[in-house]
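Undergrad: Structure file start-v8.cif (mmCIF, C-alpha atoms) right here:
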```
data_input
#
loop_
_atom_site.label_atom_id
_atom_site.label_comp_id
_atom_site.auth_asym_id
_atom_site.auth_seq_id
_atom_site.Cartn_x
_atom_site.Cartn_y
_atom_site.Cartn_z
CA MET A 1 89.94 108.44 111.08
CA GLN A 2 93.70 107.84 110.96
CA THR A 3 96.08 110.18 109.18
CA ARG A 4 98.21 108.30 106.66
CA LEU A 5 101.81 109.39 106.42
CA LEU A 6 104.45 108.18 104.01
CA ILE A 7 108.05 108.47 105.15
CA LEU A 8 110.96 108.35 102.76
CA ASN A 9 114.04 107.48 104.78
CA ALA A 10 117.04 105.74 103.22
CA ASP A 11 118.17 104.33 106.57
CA PRO A 12 115.08 103.83 108.74
CA VAL A 13 116.77 101.36 111.10
CA PHE A 14 119.63 103.56 112.27
CA GLN A 15 118.27 107.06 111.51
CA ASP A 16 115.05 106.60 113.44
CA ARG A 17 114.69 109.63 115.73
CA ALA A 18 111.69 111.00 113.88
CA LEU A 19 110.18 107.55 113.39
CA ALA A 20 110.33 106.84 117.12
CA ILE A 21 108.43 110.06 117.82
CA LEU A 22 105.84 109.43 115.12
CA ASP A 23 105.32 105.88 116.45
CA GLU A 24 103.88 107.37 119.64
CA ASN A 25 100.95 108.92 117.78
CA ASP A 26 97.91 106.60 117.90
CA MET A 27 96.12 108.50 115.14
CA LEU A 28 98.92 108.08 112.64
CA GLU A 29 99.37 105.25 110.17
CA ILE A 30 102.91 105.22 108.85
CA GLN A 31 104.42 103.57 105.83
CA ILE A 32 108.18 103.67 105.42
CA VAL A 33 109.96 103.54 102.08
CA ARG A 34 113.67 103.70 101.40
CA ASN A 35 113.94 105.30 97.97
CA LEU A 36 112.14 107.55 95.51
CA SER A 37 110.81 104.79 93.28
CA GLU A 38 109.22 103.03 96.26
CA ALA A 39 107.67 106.35 97.30
CA VAL A 40 106.19 106.89 93.84
CA LEU A 41 104.88 103.34 93.76
CA ALA A 42 103.28 103.75 97.20
CA CYS A 43 101.61 107.03 96.18
CA LEU A 44 100.29 105.50 92.97
CA GLY A 45 98.75 102.57 94.80
CA GLU A 46 97.40 104.21 97.94
CA SER A 47 96.43 107.63 99.18
CA PHE A 48 98.51 109.44 101.78
CA ASP A 49 97.78 112.65 103.62
CA GLY A 50 101.41 113.64 103.70
CA LEU A 51 104.98 112.74 102.87
CA ILE A 52 108.08 113.32 104.99
CA ILE A 53 111.44 112.99 103.27
CA GLU A 54 114.34 112.57 105.67
CA GLY A 55 117.94 113.20 104.68
CA ASP A 56 120.54 115.70 103.56
CA PRO A 57 119.10 119.01 102.28
CA ALA A 58 120.16 118.75 98.63
CA LEU A 59 119.02 115.16 98.09
CA SER A 60 115.80 115.56 100.10
CA LEU A 61 114.83 118.67 98.18
CA GLU A 62 115.56 116.98 94.86
CA GLN A 63 113.39 114.01 95.83
CA ALA A 64 110.65 116.31 97.16
CA THR A 65 110.64 118.39 93.95
CA ASN A 66 110.38 115.20 91.95
CA MET A 67 107.43 114.01 94.04
CA ARG A 68 105.76 117.41 93.75
CA GLN A 69 105.84 117.21 89.94
CA HIS A 70 104.12 113.85 89.98
CA PHE A 71 101.75 114.40 92.92
CA PRO A 72 100.75 118.08 92.96
CA SER A 73 98.29 117.87 95.85
CA LEU A 74 100.48 115.88 98.26
CA VAL A 75 101.59 117.69 101.42
CA ILE A 76 105.37 117.31 101.48
CA ALA A 77 107.91 118.14 104.17
CA CYS A 78 111.67 117.59 104.21
CA LEU A 79 113.17 116.67 107.55
CA LEU A 80 116.75 117.79 107.14
CA TYR A 81 119.87 116.58 108.90
CA ASP A 82 121.63 119.92 108.13
CA ARG A 83 120.46 123.50 107.68
CA PRO A 84 119.40 124.25 104.09
CA ASP A 85 121.01 127.12 102.13
CA SER A 86 118.96 130.12 101.05
CA GLU A 87 118.62 128.87 97.46
CA SER A 88 117.11 125.60 98.67
CA LYS A 89 114.68 127.54 100.84
CA VAL A 90 113.48 129.56 97.85
CA THR A 91 113.05 126.42 95.73
CA ALA A 92 111.15 124.72 98.53
CA ARG A 93 108.82 127.70 98.91
CA GLU A 94 108.14 127.76 95.17
CA GLN A 95 107.34 124.06 95.17
CA ASN A 96 105.20 124.31 98.30
CA ILE A 97 107.52 122.02 100.24
CA GLU A 98 107.99 122.53 103.95
CA MET A 99 111.59 122.49 105.19
CA LEU A 100 112.06 121.20 108.74
CA PRO A 101 115.69 121.25 109.91
CA MET A 102 116.05 118.48 112.50
CA PRO A 103 116.62 120.00 115.94
CA GLY A 104 119.11 118.49 118.36
CA ARG A 105 116.63 118.01 121.18
CA ALA A 106 113.96 115.32 120.99
CA ARG A 107 111.41 117.66 122.58
CA HIS A 108 111.83 120.26 119.83
CA LEU A 109 111.66 117.59 117.15
CA ARG A 110 108.46 116.26 118.69
CA VAL A 111 106.90 119.74 118.61
CA LYS A 112 107.87 120.21 114.95
CA LEU A 113 106.56 116.82 113.87
CA ASN A 114 103.32 117.16 115.80
CA ARG A 115 102.75 120.57 114.24
CA PHE A 116 103.25 119.09 110.78
CA VAL A 117 100.89 116.18 111.51
CA ARG A 118 98.23 118.64 112.72
CA THR A 119 98.41 120.50 109.39
CA LEU A 120 97.64 117.19 107.65
CA ASP A 121 94.47 116.76 109.69
CA SER A 122 93.11 120.04 108.38
CA HIS A 123 94.17 119.40 104.78
CA PRO A 124 91.14 119.49 102.45
CA GLY A 125 92.34 116.50 100.44
CA THR A 126 91.73 114.15 103.34
CA ALA A 127 87.98 114.62 103.57
CA ALA A 128 86.39 111.79 101.64
CA ALA A 129 82.65 112.20 101.51
CA GLU A 130 80.67 109.24 100.20
CA GLY A 131 77.16 108.93 98.89
CA ILE A 132 76.17 108.71 95.26
CA ASP A 133 72.74 109.52 93.94
CA PRO A 134 71.49 106.64 91.73
CA CYS A 135 69.83 109.19 89.42
CA HIS A 136 73.18 110.33 88.03
CA SER A 137 73.54 109.61 84.32
CA LEU A 138 76.84 107.75 84.60
CA ILE A 139 78.21 106.05 87.69
CA GLY A 140 81.29 103.90 87.97
CA ASN A 141 84.39 102.75 89.70
CA LEU A 142 87.92 103.93 88.96
CA ASN A 143 89.25 100.40 89.49
CA GLN A 144 87.53 99.36 86.28
CA PHE A 145 87.76 102.52 84.18
CA SER A 146 90.52 105.08 84.57
CA ALA A 147 89.65 108.78 84.68
CA ALA A 148 91.36 109.19 81.30
CA GLU A 149 89.12 106.57 79.67
CA ILE A 150 85.93 108.06 81.11
CA LEU A 151 86.82 111.61 80.10
CA GLN A 152 87.90 110.47 76.64
CA MET A 153 84.56 108.76 76.12
CA SER A 154 82.57 111.80 77.33
CA CYS A 155 84.60 114.28 75.31
CA LEU A 156 84.26 112.23 72.13
CA SER A 157 80.49 112.17 72.54
CA GLN A 158 80.44 116.00 72.99
CA ARG A 159 78.93 115.89 76.48
CA SER A 160 78.27 118.87 78.74
CA GLY A 161 78.05 118.38 82.48
CA ARG A 162 79.91 117.77 85.68
CA PHE A 163 82.06 114.78 86.64
CA THR A 164 82.54 114.22 90.35
CA PHE A 165 85.35 111.91 91.44
CA LYS A 166 85.39 110.61 95.01
CA SER A 167 88.34 108.79 96.51
CA GLY A 168 90.34 108.51 99.72
CA ARG A 169 92.30 111.56 98.53
CA GLY A 170 89.17 113.72 98.50
CA ASN A 171 86.56 114.90 96.05
CA SER A 172 87.20 116.58 92.75
CA GLU A 173 85.09 117.95 89.94
CA ILE A 174 85.65 118.29 86.22
CA TYR A 175 83.22 120.34 84.13
CA LEU A 176 82.78 119.58 80.46
CA GLN A 177 81.24 121.78 77.82
CA GLN A 178 80.53 120.41 74.36
CA GLY A 179 83.22 117.78 74.72
CA SER A 180 85.92 120.08 76.13
CA VAL A 181 87.17 120.34 79.68
CA ARG A 182 86.18 123.80 80.89
CA HIS A 183 86.96 123.77 84.58
CA ALA A 184 88.54 121.36 87.07
CA VAL A 185 88.94 121.65 90.81
CA PHE A 186 90.50 119.46 93.49
CA GLY A 187 91.07 120.95 96.95
CA SER A 188 93.19 124.03 96.41
CA LEU A 189 94.20 122.95 92.90
CA GLU A 190 92.39 124.28 89.85
CA GLY A 191 92.65 123.87 86.10
CA GLU A 192 95.20 121.59 84.50
CA ALA A 193 96.91 120.79 87.80
CA ALA A 194 93.64 119.35 89.10
CA VAL A 195 93.13 117.33 85.89
CA ALA A 196 96.68 115.96 86.21
CA GLU A 197 95.98 114.87 89.77
CA ILE A 198 92.74 113.07 88.87
CA PHE A 199 94.50 111.24 86.04
CA ARG A 200 96.60 109.36 88.60
CA TRP A 201 93.71 108.09 90.69
CA ARG A 202 93.34 104.34 90.55
CA GLN A 203 90.79 103.96 93.32
CA GLY A 204 87.49 105.66 93.97
CA ARG A 205 84.16 106.30 92.36
CA PHE A 206 82.79 108.78 89.89
CA TYR A 207 79.47 110.02 88.57
CA PHE A 208 78.38 112.36 85.82
CA GLU A 209 75.58 114.91 85.98
CA GLU A 210 74.39 115.99 82.56
CA GLY A 211 73.85 119.68 81.87
CA ILE A 212 75.67 121.28 84.83
CA ILE A 213 77.93 123.99 83.39
CA SER A 214 80.60 125.90 85.27
CA GLN A 215 80.75 129.68 85.18
CA ASP A 216 84.50 129.50 85.77
CA GLN A 217 86.92 128.55 83.04
CA THR A 218 90.31 127.35 84.25
CA VAL A 219 91.21 125.00 81.39
CA ASN A 220 91.75 126.51 77.97
CA ARG A 221 93.46 123.76 76.01
CA PRO A 222 91.68 121.14 73.88
CA TRP A 223 91.05 117.74 75.45
CA ALA A 224 93.45 115.95 73.08
CA HIS A 225 96.37 118.09 74.28
CA LEU A 226 95.50 117.52 77.92
CA LEU A 227 95.23 113.79 77.33
CA ILE A 228 98.60 113.51 75.59
CA ASP A 229 100.40 115.66 78.19
CA ASN A 230 98.94 113.82 81.14
CA LEU A 231 99.50 110.36 79.70
CA GLN A 232 103.10 111.35 79.05
CA LYS A 233 103.43 112.57 82.65
CA LEU A 234 101.90 109.33 83.89
CA ASP A 235 104.42 107.35 81.80
CA GLU A 236 107.23 109.39 83.37
CA THR A 237 105.87 108.61 86.82
CA LEU A 238 105.67 104.92 86.01
CA GLU A 239 109.20 105.04 84.61
CA LEU A 240 110.41 106.21 88.02
CA VAL A 241 109.12 103.03 89.61
CA GLY A 242 110.32 100.88 86.76
CA VAL A 243 106.84 99.60 85.90
CA MET B 1 97.88 102.68 125.46
CA ARG B 2 101.02 102.39 123.34
CA ASP B 3 104.33 100.90 124.42
CA LYS B 4 107.21 102.79 122.80
CA LYS B 5 109.60 99.82 122.85
CA LEU B 6 106.99 97.53 121.38
CA GLU B 7 106.28 100.00 118.54
CA THR B 8 110.00 100.23 117.78
CA LYS B 9 110.30 96.43 117.65
CA LEU B 10 107.29 96.21 115.37
CA ARG B 11 108.75 98.81 113.05
CA LEU B 12 112.09 97.00 112.94
CA VAL B 13 110.59 93.58 112.30
CA ALA B 14 108.37 95.00 109.53
CA LEU B 15 111.37 96.60 107.82
CA GLN B 16 113.36 93.40 108.12
CA LEU B 17 110.53 91.24 106.77
CA ASP B 18 110.04 93.64 103.88
CA ASN B 19 113.67 93.20 102.85
CA TRP B 20 113.52 89.42 103.19
CA LYS B 21 110.43 89.35 100.93
CA LYS B 22 112.12 91.51 98.30
CA LEU B 23 115.20 89.32 98.43
CA HIS B 24 113.03 86.25 97.98
CA ASP B 25 111.30 87.79 94.95
CA LEU B 26 114.64 88.34 93.26
CA ILE B 27 115.98 84.90 94.22
CA THR B 28 112.81 83.30 92.82
CA TYR B 29 113.25 85.29 89.63
CA GLY B 30 116.87 84.19 89.40
CA LEU B 31 115.89 80.54 89.79
CA ASP B 32 113.10 80.72 87.22
CA LYS B 33 114.43 79.02 84.10
CA ALA B 34 111.63 80.56 82.02
CA LYS B 35 113.09 84.04 82.61
CA PRO B 36 116.54 84.01 81.06
CA ILE B 37 117.29 87.76 81.22
CA VAL B 38 118.57 89.31 84.43
CA SER B 39 118.75 93.09 84.05
CA SER B 40 121.38 95.32 85.61
CA GLU B 41 118.55 97.09 87.47
CA GLN B 42 117.57 93.79 89.10
CA GLU B 43 121.18 93.15 90.07
CA ARG B 44 121.37 96.67 91.53
CA GLN B 45 118.20 96.07 93.55
CA PHE B 46 119.56 92.75 94.78
CA THR B 47 122.81 94.36 95.92
CA GLU B 48 120.93 97.17 97.67
CA ILE B 49 118.63 94.77 99.53
CA ARG B 50 121.53 92.50 100.44
CA SER B 51 123.50 95.48 101.68
CA ASN B 52 120.57 96.64 103.86
CA LEU B 53 120.17 93.14 105.28
CA LEU B 54 123.89 92.78 106.00
CA GLN B 55 123.90 96.09 107.87
CA GLU B 56 120.66 95.68 109.76
CA THR B 57 120.02 92.00 110.45
CA GLU B 58 122.38 91.55 113.39
CA TYR B 59 121.13 94.74 115.08
CA ILE B 60 117.44 93.94 114.58
CA LEU B 61 117.77 90.32 115.69
CA ARG B 62 119.54 91.51 118.84
CA GLU B 63 116.74 94.00 119.53
CA LEU B 64 114.23 91.17 119.11
CA ASN B 65 116.26 88.76 121.28
CA ILE B 66 116.46 86.12 118.55
CA VAL B 67 120.04 86.60 117.43
CA SER B 68 121.18 83.09 118.39
CA GLU B 69 118.23 81.42 116.63
CA VAL B 70 118.19 83.29 113.34
CA SER B 71 121.55 84.97 112.77
CA GLY B 72 123.31 81.87 111.40
CA LYS B 73 120.56 81.08 108.92
CA ALA B 74 120.29 84.70 107.81
CA MET B 75 124.03 84.96 107.21
CA SER B 76 123.99 81.67 105.33
CA VAL B 77 121.37 83.09 102.91
CA LEU B 78 123.30 86.32 102.45
CA GLN B 79 126.61 84.55 101.88
CA ARG B 80 125.18 82.08 99.36
CA GLY B 81 123.13 84.64 97.46
CA VAL B 82 125.71 87.07 96.13
CA SER B 83 123.79 88.16 93.03
CA VAL B 84 120.76 87.13 90.96
CA ARG B 85 123.04 85.47 88.40
CA GLY B 86 125.07 83.94 91.23
CA VAL B 87 121.93 82.30 92.64
CA ARG B 88 121.10 80.93 89.19
CA ASP B 89 124.50 79.27 88.94
CA LEU B 90 124.38 77.60 92.37
CA PRO B 91 124.31 73.77 92.49
CA SER B 92 120.92 72.28 93.38
CA ASP B 93 121.85 71.24 96.95
CA GLU B 94 123.06 74.79 97.64
CA ILE B 95 119.80 76.18 96.26
CA ARG B 96 117.81 73.85 98.53
CA ARG B 97 119.91 74.96 101.50
CA LEU B 98 119.40 78.62 100.56
CA GLU B 99 115.63 78.17 100.40
CA THR B 100 115.51 76.26 103.70
CA ASP B 101 117.58 78.89 105.51
CA TRP B 102 115.54 81.74 104.02
CA ASN B 103 112.36 79.97 105.15
CA SER B 104 113.69 79.49 108.71
CA ALA B 105 114.63 83.16 109.06
CA PHE B 106 111.38 84.36 107.51
CA THR B 107 109.22 82.03 109.63
CA LYS B 108 110.84 83.14 112.87
CA LEU B 109 110.48 86.82 111.99
CA GLY B 110 106.86 86.29 110.97
CA LEU B 111 106.11 84.57 114.28
CA ILE B 112 107.74 87.38 116.25
CA GLN B 113 105.74 89.94 114.28
CA GLY B 114 102.53 88.10 115.13
CA GLN B 115 103.41 87.98 118.82
CA LEU B 116 104.24 91.68 118.86
CA LYS B 117 100.98 92.55 117.10
CA ALA B 118 99.03 90.46 119.60
CA ARG B 119 100.79 92.29 122.43
CA ARG B 120 99.94 95.64 120.85
CA LYS B 121 96.29 94.64 120.53
CA GLN B 122 96.28 93.60 124.17
CA LEU B 123 97.84 96.90 125.22
CA ALA B 124 95.42 98.93 123.14
CA GLU B 125 92.59 97.50 125.23
CA GLN B 126 94.38 98.44 128.47
CA SER B 127 94.47 101.85 130.14
CA ALA B 128 97.80 103.34 131.23
CA PHE B 129 96.82 102.78 134.88
CA ASP B 130 96.05 99.08 134.29
CA TYR B 131 99.36 98.64 132.49
CA TYR B 132 101.54 100.21 135.20
CA TRP B 133 99.56 98.51 137.95
CA SER B 134 100.13 95.09 136.33
CA GLN B 135 103.84 95.89 135.95
CA LEU B 136 104.09 96.81 139.64
CA ARG B 137 102.11 93.76 140.70
CA ASP B 138 104.28 91.46 138.57
CA ARG B 139 107.43 92.94 140.06
CA PHE B 140 106.08 92.74 143.61
CA PHE B 141 105.01 89.11 143.32
CA GLN B 142 107.91 88.32 140.97
CA ARG B 143 105.74 86.83 138.27
CA PRO B 144 107.54 85.86 135.11
CA ALA B 145 107.39 88.65 132.52
CA THR B 146 105.30 88.08 129.41
CA ALA B 147 107.31 87.43 126.26
CA HIS B 148 107.48 90.57 124.14
#
```
Render the structure in this file as structure tokens.

TA:
Amino acid sequence: MQTRLLILNADPVFQDRALAILDENDMLEIQIVRNLSEAVLACLGESFDGLIIEGDPALSLEQATNMRQHFPSLVIACLLYDRPDSESKVTAREQNIEMLPMPGRARHLRVKLNRFVRTLDSHPGTAAAEGIDPCHSLIGNLNQFSAAEILQMSCLSQRSGRFTFKSGRGNSEIYLQQGSVRHAVFGSLEGEAAVAEIFRWRQGRFYFEEGIISQDQTVNRPWAHLLIDNLQKLDETLELVGV
Amino acid sequence: MRDKKLETKLRLVALQLDNWKKLHDLITYGLDKAKPIVSSEQERQFTEIRSNLLQETEYILRELNIVSEVSGKAMSVLQRGVSVRGVRDLPSDEIRRLETDWNSAFTKLGLIQGQLKARRKQLAEQSAFDYYWSQLRDRFFQRPATAH
């Protein structure tokens, strides 16, 4: 299976050192975008294992932080033309963004990029297991019903059970109890961050298993609050792409 | 196996085609009489795409060895289409010329992309040894090189 990498590079024709190296990798499928709104649009429409943002430290970090807010589970690295200052390094660490200053030698750059690509291969979000049991009480496709619609319907009817969402980004689970979201998990994300991630999925399948209750509780807010917050976040994301 | 130069050419032609498509979308919008409003955001996008094309076209066409065939047509499109509103105000013969030149540039780039993809597919089925052996053999017997 190919690793899908999104590259945000404002000048991919003339600043193509990294691109030339990544081109050599047979197992990599690359999509290049030139600005933030194109990157957001690409991430909304398709699933990527990672994002590399090339450019000056300040701008790259700003774009990466923006992407992190809208796509919490995305593996992001900034490939920097200059060395970042210590403040930028701290921000990057907090936002779980990898900073890769671009070395002068092609060999060193190749090592850095290959190391980053290898981390994507082992990322839990990339494993997309398929297979749905026809005995599940509710089965559907996210192309037809969004996660928000399905959860809204289940919460209004006071359901208890487990929703499993399967897409190219990976598998995630949301546990409901008496019409409230009790626990959500997606890869390393838990709670509201996981719910926010699932809200953005536009492709994939889901099923509901009645009566499965989680022992863990990572979501404490009522469904209505989660819905409003996440729809607002989604609107902000769509605003970035001018949809 | 993968040919580094071929991959670079494919990347360049894909980027170039992407910009030509976006430019066409905005030109089509500009020419659509049913859509009277042209936003400043659309004008900004048009300027950005035009600027990318002005910077990159000559370089990419040279890399693809089609500069003499396409450069004139490409420059004609970029000189006629200065803005979305500007395209709207062009006389009808100029619009026809713009569309014809855009189509010529786009068709040639599309054909080149197809040829490069076919070459990549061919190479993917070849081992590194086969590839270098065929290169040596071609040089030794002075066979004409394949177009890529």

Undergrad: Once the PyMOL selection byres ((chain A) within 7 of (chain B)) is applied to the coordinates I shared, what remains selected? I want it as JSON, numbers by chain.

TA: {"A": [13, 20, 23, 24]}

Undergrad: Out of B:Arg139, B:Arg97, B:Arg85, B:Lys73, which residue has the shortest atom-to-atom distance to Ile37 in chain B when counting only C-alpha atoms?

TA: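 Smallest distance to Ile37 in chain B is found for B:Arg85.
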
Undergrad: Using only C-alpha atoms, which of B:Val84, B:Leu109, B:Ile27, B:Leu136 sits nearest Val67 in chain B?

TA: B:Leu109

Undergrad: Applying the PyMOL selection byres ((chain A and resi 204-221) around 9) to the file I just gave you, which residues come out? Please list them as a PDB file with C-alpha atoms, in the frame of the given file.

TA:
```pdb
ATOM      1  CA  ILE A 132      76.170 108.710  95.260  1.00  0.00           C
ATOM      2  CA  ASP A 133      72.740 109.520  93.940  1.00  0.00           C
ATOM      3  CA  CYS A 135      69.830 109.190  89.420  1.00  0.00           C
ATOM      4  CA  HIS A 136      73.180 110.330  88.030  1.00  0.00           C
ATOM      5  CA  SER A 137      73.540 109.610  84.320  1.00  0.00           C
ATOM      6  CA  LEU A 138      76.840 107.750  84.600  1.00  0.00           C
ATOM      7  CA  ILE A 139      78.210 106.050  87.690  1.00  0.00           C
ATOM      8  CA  GLY A 140      81.290 103.900  87.970  1.00  0.00           C
ATOM      9  CA  ASN A 141      84.390 102.750  89.700  1.00  0.00           C
ATOM     10  CA  LEU A 142      87.920 103.930  88.960  1.00  0.00           C
ATOM     11  CA  ASN A 143      89.250 100.400  89.490  1.00  0.00           C
ATOM     12  CA  ALA A 147      89.650 108.780  84.680  1.00  0.00           C
ATOM     13  CA  ARG A 159      78.930 115.890  76.480  1.00  0.00           C
ATOM     14  CA  SER A 160      78.270 118.870  78.740  1.00  0.00           C
ATOM     15  CA  GLY A 161      78.050 118.380  82.480  1.00  0.00           C
ATOM     16  CA  ARG A 162      79.910 117.770  85.680  1.00  0.00           C
ATOM     17  CA  PHE A 163      82.060 114.780  86.640  1.00  0.00           C
ATOM     18  CA  THR A 164      82.540 114.220  90.350  1.00  0.00           C
ATOM     19  CA  PHE A 165      85.350 111.910  91.440  1.00  0.00           C
ATOM     20  CA  LYS A 166      85.390 110.610  95.010  1.00  0.00           C
ATOM     21  CA  SER A 167      88.340 108.790  96.510  1.00  0.00           C
ATOM     22  CA  GLY A 168      90.340 108.510  99.720  1.00  0.00           C
ATOM     23  CA  ARG A 169      92.300 111.560  98.530  1.00  0.00           C
ATOM     24  CA  TYR A 175      83.220 120.340  84.130  1.00  0.00           C
ATOM     25  CA  LEU A 176      82.780 119.580  80.460  1.00  0.00           C
ATOM     26  CA  GLN A 177      81.240 121.780  77.820  1.00  0.00           C
ATOM     27  CA  SER A 180      85.920 120.080  76.130  1.00  0.00           C
ATOM     28  CA  VAL A 181      87.170 120.340  79.680  1.00  0.00           C
ATOM     29  CA  ARG A 182      86.180 123.800  80.890  1.00  0.00           C
ATOM     30  CA  HIS A 183      86.960 123.770  84.580  1.00  0.00           C
ATOM     31  CA  ALA A 184      88.540 121.360  87.070  1.00  0.00           C
ATOM     32  CA  VAL A 185      88.940 121.650  90.810  1.00  0.00           C
ATOM     33  CA  GLU A 190      92.390 124.280  89.850  1.00  0.00           C
ATOM     34  CA  GLY A 191      92.650 123.870  86.100  1.00  0.00           C
ATOM     35  CA  GLU A 192      95.200 121.590  84.500  1.00  0.00           C
ATOM     36  CA  TRP A 201      93.710 108.090  90.690  1.00  0.00           C
ATOM     37  CA  ARG A 202      93.340 104.340  90.550  1.00  0.00           C
ATOM     38  CA  GLN A 203      90.790 103.960  93.320  1.00  0.00           C
ATOM     39  CA  PRO A 222      91.680 121.140  73.880  1.00  0.00           C
ATOM     40  CA  TRP A 223      91.050 117.740  75.450  1.00  0.00           C
ATOM     41  CA  ALA A 224      93.450 115.950  73.080  1.00  0.00           C
ATOM     42  CA  HIS A 225      96.370 118.090  74.280  1.00  0.00           C
ATOM     43  CA  LEU A 226      95.500 117.520  77.920  1.00  0.00           C
TER      44      LEU A 226
END
```

Undergrad: Near range 94-106 of chain A, within 8 Å and counting only C-alpha atoms, which residues show up once chain neighbours fewer than 3 positions away are dropped, as JSON, numbers by chain?

TA: {"A": [17, 64, 65, 68, 75, 76, 77, 78, 79, 80, 81, 82, 83, 84, 89, 90, 91, 109, 110, 112]}

Undergrad: What's the 8 Å shell around Glu197 in chain A, counting all atoms listed in the file, without same-chain residues fewer than 6 positions away, as a PDB file with C-alpha atoms, in the frame of the given file?

TA:
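Contents of the output file part.pdb:
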```
ATOM      1  CA  PHE A  71     101.750 114.400  92.920  1.00  0.00           C
ATOM      2  CA  PRO A  72     100.750 118.080  92.960  1.00  0.00           C
ATOM      3  CA  SER A  73      98.290 117.870  95.850  1.00  0.00           C
TER       4      SER A  73
END
```

Undergrad: Could you jot down the CA of Ala39 in chain A to CA of Leu5 in chain A separation for me, Å, one decimal place?

TA: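 It comes out at 11.3 Å.
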
Undergrad: What's the separation between CA of Leu116 in chain B and CA of Arg62 in chain B, in Å to one decimal place?

TA: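 We find that CA of Leu116 in chain B and CA of Arg62 in chain B lie 15.3 Å from each other.
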
Undergrad: Once the PyMOL selection byres ((chain B and resi 31) around 9) is applied to the coordinates I shared, what remains selected? I want it as a list of chain:residue names.

TA: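 When the PyMOL selection byres ((chain B and resi 31) around 9) is applied, the selected residues are B:Leu26, B:Ile27, B:Thr28, B:Tyr29, B:Gly30, B:Asp32, B:Lys33, B:Ala34, B:Lys35, B:Val84, B:Arg85, B:Val87, B:Arg88, B:Asp89, B:Ile95.
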
Undergrad: CA of Ile49 in chain B to CA of Leu28 in chain A: how many Å, to one decimal?

TA: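 Taking CA of Ile49 in chain B as the start and CA of Leu28 in chain A as the end point, the length is 27.2 Å.
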
Undergrad: Mind working out the centre and edge lengths of an axis-aligned box for range 26-30 of chain B, all listed atoms inside, 3 Å added to each side, rounded to one decimal in Å and written as lines of an AutoDock Vina configuration file?

TA:
```
center_x = 114.8
center_y = 85.8
center_z = 91.8
size_x = 10.1
size_y = 11.0
size_z = 10.8
```

Undergrad: Which residue, A:Gln69, A:Asn114, A:Ser60, A:Gln158, has the smallest gap to Ala196 in chain A when you use only C-alpha atoms?

TA: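 Answer, going by the shortest atom-to-atom distance: A:Gln69.
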
Undergrad: Taking into account all atoms listed in the file, which residue in the set B:Val82, B:Leu90, B:Met75, B:Leu64 is nearest to Gln115 in chain B?

TA: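 Nearest to Gln115 in chain B: B:Leu64.
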
Undergrad: Can you give me N, CA and C atoms for range 39-50 of chain A, written as an mmCIF file, keeping the file's coordinate frame?

TA:
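Contents of the output file out_14.cif:
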```cif
data_model
loop_
_atom_site.group_PDB
_atom_site.id
_atom_site.type_symbol
_atom_site.label_atom_id
_atom_site.label_comp_id
_atom_site.auth_asym_id
_atom_site.auth_seq_id
_atom_site.Cartn_x
_atom_site.Cartn_y
_atom_site.Cartn_z
ATOM 1 N N ALA A 39 108.614 105.298 96.888
ATOM 2 C CA ALA A 39 107.670 106.350 97.300
ATOM 3 C C ALA A 39 106.632 106.598 96.215
ATOM 4 N N VAL A 40 107.101 106.663 94.971
ATOM 5 C CA VAL A 40 106.190 106.890 93.840
ATOM 6 C C VAL A 40 105.195 105.733 93.733
ATOM 7 N N LEU A 41 105.724 104.530 93.859
ATOM 8 C CA LEU A 41 104.880 103.340 93.760
ATOM 9 C C LEU A 41 103.814 103.338 94.867
ATOM 10 N N ALA A 42 104.225 103.706 96.075
ATOM 11 C CA ALA A 42 103.280 103.750 97.200
ATOM 12 C C ALA A 42 102.191 104.791 96.941
ATOM 13 N N CYS A 43 102.589 105.961 96.426
ATOM 14 C CA CYS A 43 101.610 107.030 96.180
ATOM 15 C C CYS A 43 100.677 106.697 95.025
ATOM 16 N N LEU A 44 101.168 105.904 94.081
ATOM 17 C CA LEU A 44 100.290 105.500 92.970
ATOM 18 C C LEU A 44 99.234 104.510 93.443
ATOM 19 N N GLY A 45 99.655 103.647 94.364
ATOM 20 C CA GLY A 45 98.750 102.570 94.800
ATOM 21 C C GLY A 45 97.800 102.978 95.903
ATOM 22 N N GLU A 46 98.223 103.866 96.777
ATOM 23 C CA GLU A 46 97.400 104.210 97.940
ATOM 24 C C GLU A 46 97.367 105.731 98.094
ATOM 25 N N SER A 47 96.458 106.190 98.953
ATOM 26 C CA SER A 47 96.430 107.630 99.180
ATOM 27 C C SER A 47 97.056 107.954 100.529
ATOM 28 N N PHE A 48 97.861 108.998 100.547
ATOM 29 C CA PHE A 48 98.510 109.440 101.780
ATOM 30 C C PHE A 48 98.157 110.900 102.013
ATOM 31 N N ASP A 49 98.073 111.251 103.291
ATOM 32 C CA ASP A 49 97.780 112.650 103.620
ATOM 33 C C ASP A 49 99.039 113.500 103.547
ATOM 34 N N GLY A 50 100.178 112.870 103.743
ATOM 35 C CA GLY A 50 101.410 113.640 103.700
ATOM 36 C C GLY A 50 102.620 112.774 103.479
#
```
